[in-house]
Every structure is written in C-alpha cells, then in structure tokens.
Amino acid sequence: MSSIDPNLLALQRLYHWESSTPDRVTLTQPLGEGRMQSFTWAQVADEVRRMATYLQAQGWEPGSRVAILSKNCAWWLMSDLAIWMAGYVSVPLYPTLAPDTVRHILTHSEAKACFVGKLDGWSHMKPGIPSGLPCIAYPVSPADAVASYPGWDALCSSNSPMPGQPVRAAEELATLIYTSGTTGMPKGVMHSFGNFGWAFDKALGRVPMDGNDRMLSYLPLAHVVERVLVEHGWLHTGMPLFFAESLETFTSDVQRARPTIFFSVPRLWVKFQHGVHHKLPPAKLNLLLSLPLIGGLIRKKVLRALGLDQCRMAAGGAAPMPVELLQWFRRLGLPINEGYGMTENLAVSHLTVPGQDQTGTVGPCYEGVQVRIAEPSGEIQMRSGALMLGYYKDPIQTREAMTEDGWLRTGDKGQIDAQGCLRVTGRVKDLFKTSKGKYVAPAPIEDRLVMHDSVEACVVTGANLGQPLGIVMLAPDAVERCTDAAARAELESSLAQHLKAVNAPLDPHERLQCLVVVTTAWTVDNDVITPTFKVKRNRIEDLYATHYARWEASGKPVIWQSAA
C-alpha cells in the first residue's frame with residue numbers, strides 16, 4: 001500500500017476540508033419534529049478533535065478497538081474519525097442486531113468502549129452489551145442511554161481539541177467490518193486505511209462525483225457499501241450529506257435531500273415501484289408513459305414524488321436486481337446501475353457503466369481489479385488493492401477464503417460475456433439437486449418471484465424433492481389484507497397466476513411445484529434474515545424442511561403456512 005497517495009486517506013481528507021472550506025455546511029442532521037442541526041467542516045473537525053482527545057486519554061494501547069452501535073447520524077461519522085485520530089480501530093455494528101450477536105461482536109473484537117447512538121430497539125439490544133464496557137451516548141441516543149452513559153456534548157466540552165494533524169499509515173488497520181452472517185456467525189473483516197483510499201480512488205473512475213453532489217445516508221454505515229460510497233464519498237469530495245430521520249419520514253427525507261447520487265438495495269427499489277403502482281396501477285402508468293407529451297410529465301412527477309428528480313446516478317447492489325425491475329425504472333427515466341462486490345473487497349469489484357444498457361450483468365470490473373472464472377466450479381474469483389487483510393483472529397477461514405495464488409474466492413458463480421461484463425448466476429453452494437438428479441440455481445428464479453407486489457422476501461428450495469418449491473413471505477400490508485376472506489382469496493388467485501408466469505420460461509426441472517405463503521415475518525430477531533435483508537437459507541431449512549414433502553404432495557398451487 002506504499003503507493004497510495006496519502007491525500008486519499010481519511011484523516012488527510014478531513015484536514016483538507018477543515019483548512020480549505022471551514023465554513024461550508026457539510027452535515028445536516030434531523031433532530032425530530034422537523035428540527036435540523038447543521039455542521040460545518042470546522043465544527044465537524046472541532047468535535048472530532050475533542051472526542052479524539054478524550055479517547056486517547058483513556059490510555060488504551062494503539063490499535064485498540066472501539067465500537068459504534070447506532071443508526072446513521074452525524075455523530076456516527078464523527079465517532080469513526082475520532083477513533084482513527086486517537087490511534088484506534090473502529091468496529092461498526094448494525095443497529096438491528098440481536099443481543100447475542102451484539103455480545104459476540106463486542107467480545108470477539110475485544111472492544112474497549114462502545115458509542116451507543118440513535119437506535120429504535122435499544123431495550124432489546126442492551127442485554128448484549130458486556131457488563132462494565134464503557135459506553136458513550138449521542139445527543140440523539142435513546143433516553144435510557146443518555147441517562148446512563150457519558151454524553152457526547154459533555155465530553156467534547158470538557159476536552160480540548162487534539163492539536164496538529166495526526167495521521168495513520170496506509171498499511172495500518174482502520175476497521176473491522178463484521179459480515180452480516182448469512183452463513184453463520186459474523187466474521188470480522190480487516191481493512192486498512194490504504195484499502196479505503198485505493199477503493200474510492202478506483203470507484204471515482206466509474207462513478208464521478210464532486211462537491212456539488214448530494215447524498216442521503218440511510219442504509220447502515222456498518223455495511224461496506226454505505227461506508228465506502230457515503231462516508232468516503234463525503235470525505236473525498238466534501239459534498240453535503242443528509243441523514244434520514246426514520247422509516248416513517250423516509251419519503252420526506254429523500255425529498256429534503258434531493259440526492260444526486262442514490263444507492264439502494266433491491267428490496268427498497270421494489271418498494272418504490274410498489275408505492276408508485278398503488279397510486280398509478282401498472283396498466284394506467286404504462287398507458288400514460290406511452291403518450292408523447294404526457295409521458296414526460298408523468299416521469300417528472302413520479303421522480304419528484306420519490307425525491308429522485310435530481311438524481312443523476314442511481315445504483316443498486318448487495319443482492320441481484322431483477323431485470324424486470326431495472327427495465328421498469330429505465331422506462332421511468334431513472335436507469336439503475338447494478339454493482340457487485342463483497343465486504344472482503346470493500347464492494348469495489350464490478351459496476352455497470354453509466355449511460356450504457358448492460359442489463360442482466362453487473363458490468364465490467366473497475367480499473368485495477370482482476371477477475372477470473374474458476375473451472376470447473378464456475379466460481380468468480382478476484383483480486384485488487386482493496387482486498388481484506390484477513391478475518392480477525394481467524395487464520396483458518398482467511399486461508400479458506402483465498403486461493404493459493406492470492407485470489408479471493410467469492411463463493412458466487414458467474415460468466416463473463418464478450419464485452420467483459422460479468423453475469424452473476426448464483427452461489428456455488430446454493431445450487432441444489434432434485435430427486436430427478438437435476439441441479440437448480442435458485443437466485444434467478446427468486447429474482448422473478450419477488451416481483452409480485454405482495455411478496456416481501458422469498459426462497460426457492462427443495463433438495464431431493466421431485467420439483468423445487470417457492471416459499472414467500474408476505475409484505476405487512478398484504479398480511480393485513482388477508483384478514484378479510486375475499487381479499488385473501490383474491491391474493492391467492494393473483495399468486496397462482498404469478499406462479500404460472502414465473503414458471504413459464506423455466507426448464508421443466510426448475511419449475512416450482514407450488515408457492516408456500518408465510519405470514520409470520522422473517523426478521524433479524526428470529527434469525528431468518530441478516531441486517532442487510534438477505535435470507536439465511538440454512539434457517540429456512542431448519543424451520544420448514546419437515547413440511548416439504550407434504551407441500552409437494554398437496555397438489556395445490558398456493559399453500560398457506562401461518563407458522564413454522
């Protein structure tokens with residue numbers, strides 16, 4: 001990492017903006033009831049320096065870990081910078097974790113302290129905080145945390161700003177990013193300051209951005225994409241950054257920020273589509289969009305209502321984007337660039353090229369990234385300057401994640417087309433074989449299955465059955481409607497038609513025998529989904545496998561399962 005330009009590193013970027021644009025407002029934080037607090041670069045740097053003084057005064061060894069448990073807010077970013085300035089390593093936690101997972105991460109990382117910030121489920125997570133672990137509360141923390149722990153403002157007031165420009169070397173460990181735990185307990189992925197500098201430098205080659213852009217920070221900063229795109233995008237460009245207040249205010253939060261660059265996971269892009277369809281049914285919307293003059297007005301009106309009328313770069317990732325969804329947004333005038341990456345490579349691997357229609361792929365790799373398809377498995381393998389240093393305290397899994405010649409084993413299957421674009425076809429280990437001896441790749445089928453307005457999440461499964469099954473979890477509003485017998489019958493008919501449409505293009509051995517409708521929510525708390533909304537397939541097997549044979553033999557296209 002010695003070749004990394006030091007000016008690309010996080011603390012150096014803070015010092016740059018502190019000295020060059022001290023009075024520019026850079027963070028806008030909602031405080032509830034319509035109140036906002038703005039921070040200039042000078043204010044950000046001052047609070048970071050004061051908190052760094054406090055942290056360093058605790059006398060922990062250089063490189064000690066300090067955790068951040070909070071939803072996105074201005075103090076989250078300032079905490080990260082203060083931890084780095086004090087010579088420590090940050091450990092972000094998702095703000096929706098189960099208490100056992102909170103305890104595992106804080107214990108495994110050997111965290112010396114934890115910032116407890118803006119949280120919706122603090123009372124549920126609090127038992128996961130190890131007894132005696134020092135905690136610090138933000139001004140927007142739950143009342144119980146504010147009453148129990150030293151407060152950010154008080155600590156800043158009682159400590160002087162750290163002087164000078166303390167820097168961290170490119171090769172130093174910056175953070176432990178714990179994976180979302182799709183295949184087991186989260187692993188602590190180690191990344192250096194140089195990794196982040198390299199990653200964002202290459203990202204700018206595909207996603208140009210500058211200080212005139214605006215972004216809304218709402219996906220968890222504990223996730224690698226938000227960390228690289230938003231936190232480091234903010235640090236590198238100096239752009240204004242806005243925060244979402246709550247799920248209930250999300251639409252107005254987007255409208256307030258009017259982001260020029262907007263990233264989201266497929267689940268939210270689907271929700272945007274469903275919201276539009278509730279106001280403009282698909283048939284009517286398609287008709288209006290087809291009219292020469294009215295179509296343009298409708299596009300502008302819909303995008304303005306979504307708060308995305310100023311968006312010049314929209315992107316999706318963290319899970320496959322259904323092709324039909326990409327086509328729908330393109331017709332609306334908002335092409336979505338699809339990206340691909342992992343925590344282990346700071347999510348800087350592939351992205352479709354803005355302005356080019358590369359639908360169905362995740363585009364070519366970024367400059368400086370090497371990719372290959374291993375045979376005979378078809379596994380995507382890659383290497384770059386953003387590859388992790390390894391898994392924290394886990395040399396065995398680190399070795400298993402890498403090939404002997406230093407390439408990262410992604411665990412994903414894929415193909416590279418003649419234009420150099422990568423098509424991700426599923427997980428190497430997600431393939432399953434039916435009793436007919438035929439392999440089924442679930443991911444492409446799930447992409448189509450989740451497109452029904454009432455489906456919140458889904459899984460295709462059925463190893464050793466004659467035909468695969470589709471298990472779908474209903475969206476909350478659909479569950480509410482099902483209390484009415486007529487509405488339930490209408491939904492069942494709609495799902496049966498959807499099943500036919502999903503099955504139509506599939507090979508005979510891939511066609512779903514039936515759809516099993518689950519009305520019990522899959523949540524982080526019941527350990528069925530990860531904090532990034534990925535379904536844990538092993539948990540699905542644990543909960544439902546005993547029912548598979550009965551479902552397959554029922555002969556019904558749609559089966560209702562009220563509980564596991």
# chains A, B, ... in the order shown; residues from 1 in each chain; ligands from 1
$ select_by_dssp --residues "region 87-316 of chain A" --states "alpha helix (DSSP H)" --output "PyMOL selection string"
chain A and resi 99-108+122-125+143-148+152-157+193-206+224-225+233-237+250-257+266-279+282-290+292-306
$ closest_residue --among "A:Arg448, A:Lys536, A:Arg299, A:Arg304" --to "Arg258 (chain A)" --atoms "only C-alpha atoms"
A:Arg304
$ closest_residue --among "A:Val276, A:Val460, A:Val270, A:Val558" --to "Arg511 (chain A)" --atoms "only C-alpha atoms"
A:Val460
$ residues_around --residues "Ile4 (chain A)" --least-positions-apart "4" --cutoff "8 Å" --atoms "only C-alpha atoms" --output "number ranges by chain"
A: 8, 170, 194, 197-198
$ write_last_selection --atoms "N, CA and C atoms" --output "CSV table (one decimal), in the first residue's frame"
chain,number,residue,atom,x,y,z
A,8,LEU,N,-5.3,10.7,-0.2
A,8,LEU,CA,-6.6,9.9,-0.4
A,8,LEU,C,-7.1,9.3,0.9
A,170,ALA,N,-1.0,4.1,5.6
A,170,ALA,CA,-1.9,3.3,4.7
A,170,ALA,C,-2.0,1.9,5.1
A,194,GLY,N,-5.3,2.2,3.6
A,194,GLY,CA,-4.9,2.2,2.2
A,194,GLY,C,-5.9,1.5,1.4
A,197,GLY,N,-8.5,4.0,0.7
A,197,GLY,CA,-8.0,5.0,-0.3
A,197,GLY,C,-8.0,4.5,-1.7
A,198,TRP,N,-7.5,3.2,-1.8
A,198,TRP,CA,-7.5,2.6,-3.2
A,198,TRP,C,-8.9,2.4,-3.7
$ residues_around --residues "Leu512 (chain A)" --least-positions-apart "4" --cutoff "10 Å" --atoms "only C-alpha atoms" --output "CSV table (one decimal) with C-alpha atoms, in the first residue's frame"
chain,number,residue,atom,x,y,z
A,445,ILE,CA,-36.0,-17.8,-10.0
A,460,VAL,CA,-36.5,-21.3,-3.7
A,461,THR,CA,-35.6,-24.6,-2.1
A,462,GLY,CA,-36.3,-28.3,-2.4
A,466,GLY,CA,-39.3,-34.0,-7.4
A,467,GLN,CA,-39.7,-30.3,-8.1
A,468,PRO,CA,-38.5,-27.2,-6.2
A,469,LEU,CA,-40.8,-25.1,-4.0
A,470,GLY,CA,-41.1,-21.4,-3.6
A,471,ILE,CA,-41.6,-20.0,-0.1
A,499,LEU,CA,-46.5,-18.7,-10.2
A,500,LYS,CA,-47.5,-19.6,-13.8
A,502,VAL,CA,-42.6,-17.4,-13.1
A,503,ASN,CA,-42.6,-21.0,-14.3
A,506,LEU,CA,-38.1,-22.1,-16.9
A,508,PRO,CA,-39.1,-28.4,-16.7
A,552,GLU,CA,-45.1,-31.1,-2.6
A,557,PRO,CA,-50.6,-24.1,-6.5
$ closest_residue --among "A:Glu248, A:Glu541, A:Glu18, A:Asp153" --to "Glu47 (chain A)" --atoms "only C-alpha atoms"
A:Asp153
$ residues_around --residues "Ser160 (chain A)" --least-positions-apart "6" --cutoff "8 Å" --atoms "only C-alpha atoms" --output "list in words"
Arg49, Arg50 and Thr53 of chain A
$ select_by_dssp --residues "region 126-160 of chain A" --states "strand (DSSP E or B)" --output "VMD selection string"
chain A and resid 135 to 137 151
$ closest_residue --among "A:Phe533, A:Ala203, A:Leu14, A:Ile294" --to "Leu268 (chain A)" --atoms "only C-alpha atoms"
A:Phe533
$ closest_residue --among "A:Gln561, A:Leu69, A:Asn538, A:Val116" --to "Met473 (chain A)" --atoms "only C-alpha atoms"
A:Gln561
$ atom_distance --atom1 "CA of Ala111 (chain A)" --atom2 "CA of Lys393 (chain A)"
13.7 Å
$ atom_distance --atom1 "CA of Ala147 (chain A)" --atom2 "CA of His124 (chain A)"
17.0 Å
$ residues_around --residues "Val66 (chain A)" --least-positions-apart "3" --cutoff "9 Å" --atoms "only C-alpha atoms" --output "list of chain:residue names"
A:Asp80, A:Ile83, A:Tyr88, A:Val89, A:Ser90, A:Val91, A:Pro92, A:Leu106, A:Ser109, A:Glu110, A:Ala111, A:Lys112, A:Ala113, A:Cys114, A:Phe115
$ closest_residue --among "A:Ala496, A:Met125, A:Leu235, A:Leu221" --to "Phe200 (chain A)" --atoms "only C-alpha atoms"
A:Leu235
